[in-house]
Every structure is written in structure tokens, then in C-alpha cells.
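Pasting entry25.cif here (mmCIF, C-alpha atoms):
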```
data_run
loop_
_atom_site.label_atom_id
_atom_site.label_comp_id
_atom_site.auth_asym_id
_atom_site.auth_seq_id
_atom_site.Cartn_x
_atom_site.Cartn_y
_atom_site.Cartn_z
CA MET Y 1 197.43 102.81 -15.18
CA GLU Y 2 195.14 105.32 -16.79
CA ARG Y 3 193.65 102.58 -18.95
CA ALA Y 4 192.93 100.45 -15.88
CA GLN Y 5 191.24 103.34 -14.14
CA ARG Y 6 188.97 103.97 -17.11
CA GLU Y 7 187.99 100.33 -17.29
CA SER Y 8 187.27 100.33 -13.57
CA LEU Y 9 185.03 103.37 -13.90
CA LEU Y 10 183.10 101.79 -16.73
CA LEU Y 11 182.64 98.56 -14.81
CA ASN Y 12 181.44 100.36 -11.68
CA THR Y 13 178.99 102.72 -13.40
CA PRO Y 14 175.46 101.69 -12.32
CA ASP Y 15 172.97 100.80 -15.00
CA ILE Y 16 170.02 103.22 -15.42
CA PRO Y 17 166.81 101.32 -14.64
CA ILE Y 18 164.59 100.89 -17.71
CA SER Y 19 161.65 102.30 -15.74
CA ARG Y 20 163.50 105.62 -15.47
CA LEU Y 21 164.15 105.94 -19.19
CA PRO Y 22 161.90 108.40 -21.04
CA LYS Y 23 158.76 106.82 -22.49
CA SER Y 24 158.65 107.79 -26.09
CA ALA Y 25 155.07 107.98 -27.31
CA ILE Y 26 151.58 109.29 -26.90
CA THR Y 27 149.66 106.11 -26.13
CA ASP Y 28 146.07 106.93 -27.13
CA TRP Y 29 143.38 109.63 -27.41
CA SER Y 30 139.83 110.17 -26.17
CA GLU Y 31 137.22 112.79 -27.01
CA SER Y 32 134.31 114.26 -25.06
CA GLY Y 33 131.68 112.47 -27.17
CA GLY Y 34 133.03 109.04 -26.24
CA GLY Y 35 135.23 108.34 -29.24
CA THR Y 36 138.76 106.96 -28.88
CA ILE Y 37 141.94 106.50 -30.88
CA ASN Y 38 144.24 103.63 -30.00
CA GLY Y 39 147.85 104.62 -30.51
CA ALA Y 40 149.70 107.89 -30.98
CA ASP Y 41 148.20 108.62 -34.40
CA GLY Y 42 144.77 107.97 -35.82
CA THR Y 43 141.47 109.34 -37.07
CA ILE Y 44 138.05 109.79 -35.55
CA THR Y 45 134.68 111.15 -36.71
CA LEU Y 46 132.46 112.84 -34.16
CA ALA Y 47 129.03 111.25 -33.75
CA ALA Y 48 127.21 114.51 -33.02
CA PRO Y 49 127.23 117.19 -35.76
CA LEU Y 50 128.28 120.76 -35.05
CA SER Y 51 125.36 123.09 -35.82
CA GLU Y 52 126.09 125.75 -38.41
CA ALA Y 53 124.33 128.12 -36.01
CA SER Y 54 127.28 127.76 -33.60
CA GLY Y 55 129.11 130.98 -32.83
CA VAL Y 56 132.68 132.09 -32.29
CA GLY Y 57 133.98 130.72 -28.99
CA ASP Y 58 131.61 127.74 -28.92
CA THR Y 59 133.20 124.40 -28.01
CA VAL Y 60 133.60 121.90 -30.88
CA VAL Y 61 135.10 119.02 -28.90
CA THR Y 62 137.44 118.32 -26.00
CA LEU Y 63 140.29 116.00 -26.98
CA THR Y 64 142.67 114.32 -24.52
CA ALA Y 65 145.97 112.71 -25.46
CA ASN Y 66 147.32 110.16 -22.98
CA SER Y 67 151.03 109.66 -22.45
CA GLY Y 68 153.45 107.85 -20.16
CA GLY Y 69 154.85 111.30 -19.50
CA THR Y 70 153.04 114.60 -19.20
CA VAL Y 71 151.23 116.20 -22.14
CA THR Y 72 152.50 119.77 -22.37
CA GLY Y 73 150.35 121.21 -25.15
CA TYR Y 74 148.31 120.90 -28.32
CA THR Y 75 148.20 122.56 -31.73
CA VAL Y 76 145.43 122.44 -34.32
CA THR Y 77 145.03 123.17 -38.01
CA GLY Y 78 141.67 122.93 -39.71
CA THR Y 79 140.10 122.63 -43.11
CA PRO Y 80 138.50 125.12 -43.21
CA ASP Y 81 140.66 127.09 -40.76
CA ALA Y 82 138.00 127.71 -38.12
CA ALA Y 83 139.26 126.51 -34.73
CA THR Y 84 141.79 126.91 -31.95
CA ILE Y 85 142.77 124.57 -29.10
CA SER Y 86 143.71 125.22 -25.47
CA ASN Y 87 146.56 123.60 -23.55
CA VAL Y 88 144.04 121.17 -22.06
CA GLY Y 89 142.58 120.09 -25.42
CA ILE Y 90 139.41 122.19 -25.66
CA VAL Y 91 138.72 123.02 -29.32
CA THR Y 92 136.67 126.19 -29.91
CA LEU Y 93 135.49 128.02 -33.01
CA THR Y 94 137.36 131.11 -34.19
CA THR Y 95 134.82 131.83 -36.94
CA THR Y 96 131.36 130.67 -37.96
CA VAL Y 97 130.78 127.58 -40.09
CA ASP Y 98 128.39 127.22 -43.03
CA TYR Y 99 126.91 123.88 -44.09
CA GLU Y 100 126.33 125.12 -47.63
CA ALA Y 101 130.06 125.93 -47.95
CA ASN Y 102 131.50 122.93 -46.07
CA THR Y 103 129.59 119.90 -44.80
CA GLU Y 104 132.41 118.95 -42.45
CA LEU Y 105 135.32 120.43 -40.53
CA VAL Y 106 138.56 118.40 -40.51
CA LEU Y 107 140.92 119.10 -37.60
CA VAL Y 108 144.52 117.91 -37.42
CA ILE Y 109 145.52 118.04 -33.75
CA ILE Y 110 149.07 117.41 -32.54
CA ALA Y 111 149.82 116.68 -28.88
CA THR Y 112 153.32 116.99 -27.40
CA ASP Y 113 154.54 115.48 -24.13
CA ASP Y 114 157.60 116.16 -21.99
CA THR Y 115 159.87 113.47 -23.43
CA PRO Y 116 159.25 115.12 -26.00
CA ALA Y 117 157.05 112.87 -28.13
CA THR Y 118 154.12 113.75 -30.37
CA GLY Y 119 150.91 112.16 -31.53
CA THR Y 120 148.47 113.27 -34.23
CA ALA Y 121 144.69 112.94 -34.16
CA THR Y 122 142.73 113.74 -37.31
CA VAL Y 123 139.19 114.61 -36.25
CA THR Y 124 136.30 114.95 -38.70
CA VAL Y 125 133.47 117.13 -37.42
CA PRO Y 126 130.18 116.91 -39.40
CA ILE Y 127 128.43 120.27 -39.85
CA GLY Y 128 124.70 120.23 -39.11
CA ASP Y 129 122.42 122.09 -41.54
CA VAL Y 130 120.02 124.67 -40.14
CA ALA Y 131 116.87 125.77 -41.98
CA GLY Y 132 117.21 129.21 -43.51
CA PRO Y 133 115.14 132.26 -42.55
CA PRO Y 134 111.41 132.28 -43.44
CA PHE Y 135 111.30 135.53 -45.44
CA THR Y 136 112.99 135.56 -48.84
CA THR Y 137 112.60 139.34 -48.97
CA THR Y 138 113.06 141.84 -46.17
CA THR Y 139 110.57 144.47 -47.37
CA LYS Y 140 107.04 144.38 -48.79
CA GLU Y 141 104.49 147.02 -49.70
CA LEU Y 142 100.73 146.77 -50.11
CA CYS Y 143 97.88 149.23 -50.39
CA VAL Y 144 94.43 149.33 -48.83
CA ALA Y 145 91.52 151.57 -49.80
CA ASP Y 146 91.01 154.75 -47.83
CA GLY Y 147 88.38 154.16 -45.17
CA LEU Y 148 88.83 150.37 -45.13
CA GLY Y 149 88.59 148.86 -41.71
CA PRO Y 150 89.81 149.93 -38.30
CA ASP Y 151 93.20 151.46 -37.52
CA ALA Y 152 95.60 151.80 -34.59
CA THR Y 153 97.41 148.60 -33.57
CA PHE Y 154 98.59 145.96 -36.05
CA TYR Y 155 98.70 142.34 -34.93
CA VAL Y 156 100.54 139.38 -36.45
CA ASP Y 157 99.12 135.96 -35.69
CA PRO Y 158 102.08 133.93 -34.36
CA THR Y 159 100.83 130.73 -36.00
CA THR Y 160 99.33 131.74 -39.35
CA GLY Y 161 101.24 134.99 -39.95
CA ALA Y 162 98.01 136.86 -40.75
CA VAL Y 163 98.40 140.60 -40.21
CA THR Y 164 95.33 142.32 -38.80
CA THR Y 165 94.36 145.72 -37.46
CA ALA Y 166 92.69 146.27 -34.12
CA SER Y 167 89.13 147.55 -34.01
CA GLY Y 168 88.39 151.13 -33.09
CA VAL Y 169 89.56 153.65 -35.71
CA THR Y 170 89.13 153.66 -39.51
CA LEU Y 171 92.19 153.75 -41.75
CA ASP Y 172 92.25 157.36 -42.93
CA LYS Y 173 94.78 158.69 -45.41
CA ALA Y 174 94.31 162.19 -44.04
CA THR Y 175 95.43 160.94 -40.64
CA ALA Y 176 98.22 158.62 -41.80
CA ALA Y 177 98.93 157.84 -45.45
CA GLU Y 178 101.37 155.06 -44.58
CA HIS Y 179 101.97 152.57 -41.78
CA THR Y 180 105.09 150.46 -41.15
CA VAL Y 181 104.98 147.09 -39.40
CA THR Y 182 108.09 145.01 -38.56
CA ILE Y 183 107.37 141.28 -38.54
CA THR Y 184 109.84 138.74 -37.18
CA GLY Y 185 109.55 135.21 -38.57
CA ALA Y 186 111.31 132.14 -37.18
CA VAL Y 187 111.77 128.57 -38.36
CA THR Y 188 111.70 125.79 -35.76
CA ASN Y 189 115.32 124.81 -35.04
CA GLY Y 190 116.34 127.27 -37.73
CA GLU Y 191 117.05 130.88 -38.45
CA SER Y 192 114.88 133.97 -38.09
CA ASN Y 193 114.70 137.30 -39.90
CA ASP Y 194 112.57 140.43 -40.16
CA LEU Y 195 110.17 141.65 -42.80
CA THR Y 196 109.34 145.34 -42.92
CA LEU Y 197 105.75 145.70 -44.15
CA THR Y 198 104.67 149.09 -45.45
CA VAL Y 199 100.89 149.59 -45.64
CA LYS Y 200 99.83 152.52 -47.84
CA VAL Y 201 96.34 153.99 -47.54
CA GLY Y 202 94.37 155.08 -50.62
CA ASP Y 203 95.37 155.82 -54.25
CA CYS Y 204 95.98 152.14 -54.92
CA SER Y 205 96.88 151.03 -58.42
CA GLY Y 206 98.36 148.05 -60.25
CA LYS Y 207 99.85 145.20 -58.25
CA GLU Y 208 99.73 147.18 -55.01
CA LYS Y 209 95.95 147.37 -55.07
CA MET Y 210 94.18 145.33 -52.45
CA ALA Y 211 90.44 145.12 -52.96
CA ALA Y 212 88.15 145.51 -50.00
CA ALA Y 213 87.23 141.85 -50.35
CA LEU Y 214 90.81 140.84 -49.55
CA GLY Y 215 90.63 142.82 -46.36
CA SER Y 216 87.92 140.45 -45.22
CA LEU Y 217 86.40 141.09 -41.84
CA LEU Y 218 87.38 138.60 -39.18
CA LEU Y 219 84.10 138.53 -37.26
CA SER Y 220 85.63 136.70 -34.32
CA LEU Y 221 88.31 139.38 -33.92
CA LEU Y 222 86.33 142.38 -35.22
CA ALA Y 223 89.37 143.29 -37.29
CA TYR Y 224 90.52 143.26 -40.92
CA THR Y 225 93.09 140.83 -42.33
CA ILE Y 226 95.37 142.92 -44.51
CA LEU Y 227 98.04 140.34 -45.30
CA SER Y 228 98.49 136.63 -44.89
CA LEU Y 229 102.15 135.54 -44.95
#
```

Structure re-expressed in C-alpha cells:
Amino acid sequence: MERAQRESLLLNTPDIPISRLPKSAITDWSESGGGTINGADGTITLAAPLSEASGVGDTVVTLTANSGGTVTGYTVTGTPDAATISNVGIVTLTTTVDYEANTELVLVIIATDDTPATGTATVTVPIGDVAGPPFTTTTKELCVADGLGPDATFYVDPTTGAVTTASGVTLDKATAAEHTVTITGAVTNGESNDLTLTVKVGDCSGKEKMAAALGSLLLSLLAYTILSL
């Protein structure tokens, strides 16, 4: 009797529809730049490079894994280790990148869905080189003869880098034996840095000496050029 009851139960147990069975895979991936991966696992190289001038917190890429279920989260490891990923697939920098150290960033991103199933996207991110700062040194000294040219305001031509003094007052060691000018230089689409220029007045000798001829009068500006960068 017990055997017959068991057989009856087995025969009368309804089949679970195939459509209700868990779907077992990440199906494909897409990224914000238009790239795709067909299948749960694959590789992709971003078309647009990541500038080495990018800072911490800047977005590298947004990656989306598609699943028959619901994607519940992502993890990322990088070579170099420079990124993190949110639960919605936004990859951001956790440190700066340097083209001279690494020309690309390789991210291994794993997505997990609620079945649970996983898929792995290996994303290569090219690093874009940025021109270095214009000044190879951050300080420079020069000397001009006492009584040479006008004093007061220094001016740096934004195009040529020529440093001039405004007309009005003669450079006088008794008034000021030394002047300091901070010059900021920038490279187009590149880095910038500062040069601290120290101008000494009088008692010039050796390499510091700047003859009066080098402080040639700019007739159009009525000022002296003291340095051309």
C-alpha cells in the first residue's frame, strides 16, 4: 500500500515548466563607448584612450552585463591595480595612471546574477600620453647691471615667454637688490608648472652676468627684455 501511494504521488507531481527554471548564464556585455562582447566571457579594447591626466574618481568606462536573470553586482581587478566598480558597472579610478609606467590598463570584471551565474569581461584601456611640463627646472637666477632699465612691474609675454619690466622706475640696487618673479608655463593639451625667476641687481659676475645689450630696449613697449624663455 505504501509503495502504491508513493508511485501515485510521483505520477501526479506536476512538471516544472522549463520557462520557470533558472537561466544559467550572463548572455553578453556592452560598454559605454559602443563596444560589445557576445557571450558570458570575452575581451574588449576601448577605442578612446584614458588620458594620463585623469584624476582619482574619474570614470574609465561603464560596463553592462546582460542576463536572463538580474545582475546583482560586479567586481574588478586591474593591472595595474587602479580602479573600482559600482554595482551598476561604473568603473572609476582609485589612483592616477602614468603613460610612461604603463601604456594600458587591463581590467578583469566579473558580473554575477541572481541564479547565480557569472561572466567575465577582460577590458583593455589604452593610456593616453600627455606632454610634460614646459620648464625642466623650477628655479633660475640672472643678474642685471645696476641702473639698467625701468623697474616696478614685471611682465611675461604669454606667447613668446619674454620677461620685461614696465617703464617708469630704474632698477636700483639700493632700493631692491633682488626681485622674484613666478612664471607659469603650460603646454597645449599637456601639463603646466612654475618657474621661480630671481633677478639680482648689480655686482654681476661669471655666468650670471647679463650685459646691457641683452637687456635690449623694446621700443614698442618702452621696456627692457631681461629674459626670453

Residue with smallest distance to Gly69 (chain Y) - pool Y:Ile110, Y:Ala101, Y:Leu46, Y:Ile26, counting only C-alpha atoms: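 Selected residue with least distance to Gly69 (chain Y): Y:Ile26.
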
Matched chain/residue IDs from the PyMOL selection byres ((chain Y and resi 52-67) around 6), as JSON, numbers by chain: {"Y": [26, 27, 28, 29, 30, 31, 32, 51, 68, 69, 89, 90, 91, 92, 93, 94, 95, 96, 97, 98, 128]}

Could you write out the selected residues, including C-alpha atoms, as a compact mmCIF listing (two decimals), keeping the file's coordinate frame?
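Output file again.txt follows:
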```
# COMPACT_ATOMS: atom_id res chain seq x y z
CA ILE Y 26 151.58 109.29 -26.90
CA THR Y 27 149.66 106.11 -26.13
CA ASP Y 28 146.07 106.93 -27.13
CA TRP Y 29 143.38 109.63 -27.41
CA SER Y 30 139.83 110.17 -26.17
CA GLU Y 31 137.22 112.79 -27.01
CA SER Y 32 134.31 114.26 -25.06
CA SER Y 51 125.36 123.09 -35.82
CA GLY Y 68 153.45 107.85 -20.16
CA GLY Y 69 154.85 111.30 -19.50
CA GLY Y 89 142.58 120.09 -25.42
CA ILE Y 90 139.41 122.19 -25.66
CA VAL Y 91 138.72 123.02 -29.32
CA THR Y 92 136.67 126.19 -29.91
CA LEU Y 93 135.49 128.02 -33.01
CA THR Y 94 137.36 131.11 -34.19
CA THR Y 95 134.82 131.83 -36.94
CA THR Y 96 131.36 130.67 -37.96
CA VAL Y 97 130.78 127.58 -40.09
CA ASP Y 98 128.39 127.22 -43.03
CA GLY Y 128 124.70 120.23 -39.11
```

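Here CA of Thr120 (chain Y) and CA of Asp81 (chain Y) stand 17.2 Å from one another.
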
Ground truth for the PyMOL selection byres ((chain Y and resi 125) around 10), written as JSON, numbers by chain: {"Y": [44, 45, 46, 47, 48, 49, 50, 60, 61, 103, 104, 105, 106, 107, 122, 123, 124, 126, 127, 128]}

Filtering to C-alpha atoms, could you give me those residues as a PDB file, in the coordinates of the input?
```
ATOM      1  CA  ILE Y  44     138.050 109.790 -35.550  1.00  0.00           C
ATOM      2  CA  THR Y  45     134.680 111.150 -36.710  1.00  0.00           C
ATOM      3  CA  LEU Y  46     132.460 112.840 -34.160  1.00  0.00           C
ATOM      4  CA  ALA Y  47     129.030 111.250 -33.750  1.00  0.00           C
ATOM      5  CA  ALA Y  48     127.210 114.510 -33.020  1.00  0.00           C
ATOM      6  CA  PRO Y  49     127.230 117.190 -35.760  1.00  0.00           C
ATOM      7  CA  LEU Y  50     128.280 120.760 -35.050  1.00  0.00           C
ATOM      8  CA  VAL Y  60     133.600 121.900 -30.880  1.00  0.00           C
ATOM      9  CA  VAL Y  61     135.100 119.020 -28.900  1.00  0.00           C
ATOM     10  CA  THR Y 103     129.590 119.900 -44.800  1.00  0.00           C
ATOM     11  CA  GLU Y 104     132.410 118.950 -42.450  1.00  0.00           C
ATOM     12  CA  LEU Y 105     135.320 120.430 -40.530  1.00  0.00           C
ATOM     13  CA  VAL Y 106     138.560 118.400 -40.510  1.00  0.00           C
ATOM     14  CA  LEU Y 107     140.920 119.100 -37.600  1.00  0.00           C
ATOM     15  CA  THR Y 122     142.730 113.740 -37.310  1.00  0.00           C
ATOM     16  CA  VAL Y 123     139.190 114.610 -36.250  1.00  0.00           C
ATOM     17  CA  THR Y 124     136.300 114.950 -38.700  1.00  0.00           C
ATOM     18  CA  PRO Y 126     130.180 116.910 -39.400  1.00  0.00           C
ATOM     19  CA  ILE Y 127     128.430 120.270 -39.850  1.00  0.00           C
ATOM     20  CA  GLY Y 128     124.700 120.230 -39.110  1.00  0.00           C
TER      21      GLY Y 128
END
```

Applied to this file, what does the PyMOL selection byres ((chain Y and resi 117) around 10) return in terms of residues, put as a short mmCIF file (atom, residue, chain, number, x, y, z; two decimals) with C-alpha atoms, keeping the file's coordinate frame?
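Writing done, so here's expr39.cif:
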```
data_model
loop_
_atom_site.label_atom_id
_atom_site.label_comp_id
_atom_site.auth_asym_id
_atom_site.auth_seq_id
_atom_site.Cartn_x
_atom_site.Cartn_y
_atom_site.Cartn_z
CA PRO Y 22 161.90 108.40 -21.04
CA LYS Y 23 158.76 106.82 -22.49
CA SER Y 24 158.65 107.79 -26.09
CA ALA Y 25 155.07 107.98 -27.31
CA ILE Y 26 151.58 109.29 -26.90
CA ALA Y 40 149.70 107.89 -30.98
CA SER Y 67 151.03 109.66 -22.45
CA GLY Y 69 154.85 111.30 -19.50
CA THR Y 70 153.04 114.60 -19.20
CA VAL Y 71 151.23 116.20 -22.14
CA ALA Y 111 149.82 116.68 -28.88
CA THR Y 112 153.32 116.99 -27.40
CA ASP Y 113 154.54 115.48 -24.13
CA ASP Y 114 157.60 116.16 -21.99
CA THR Y 115 159.87 113.47 -23.43
CA PRO Y 116 159.25 115.12 -26.00
CA THR Y 118 154.12 113.75 -30.37
CA GLY Y 119 150.91 112.16 -31.53
#
```
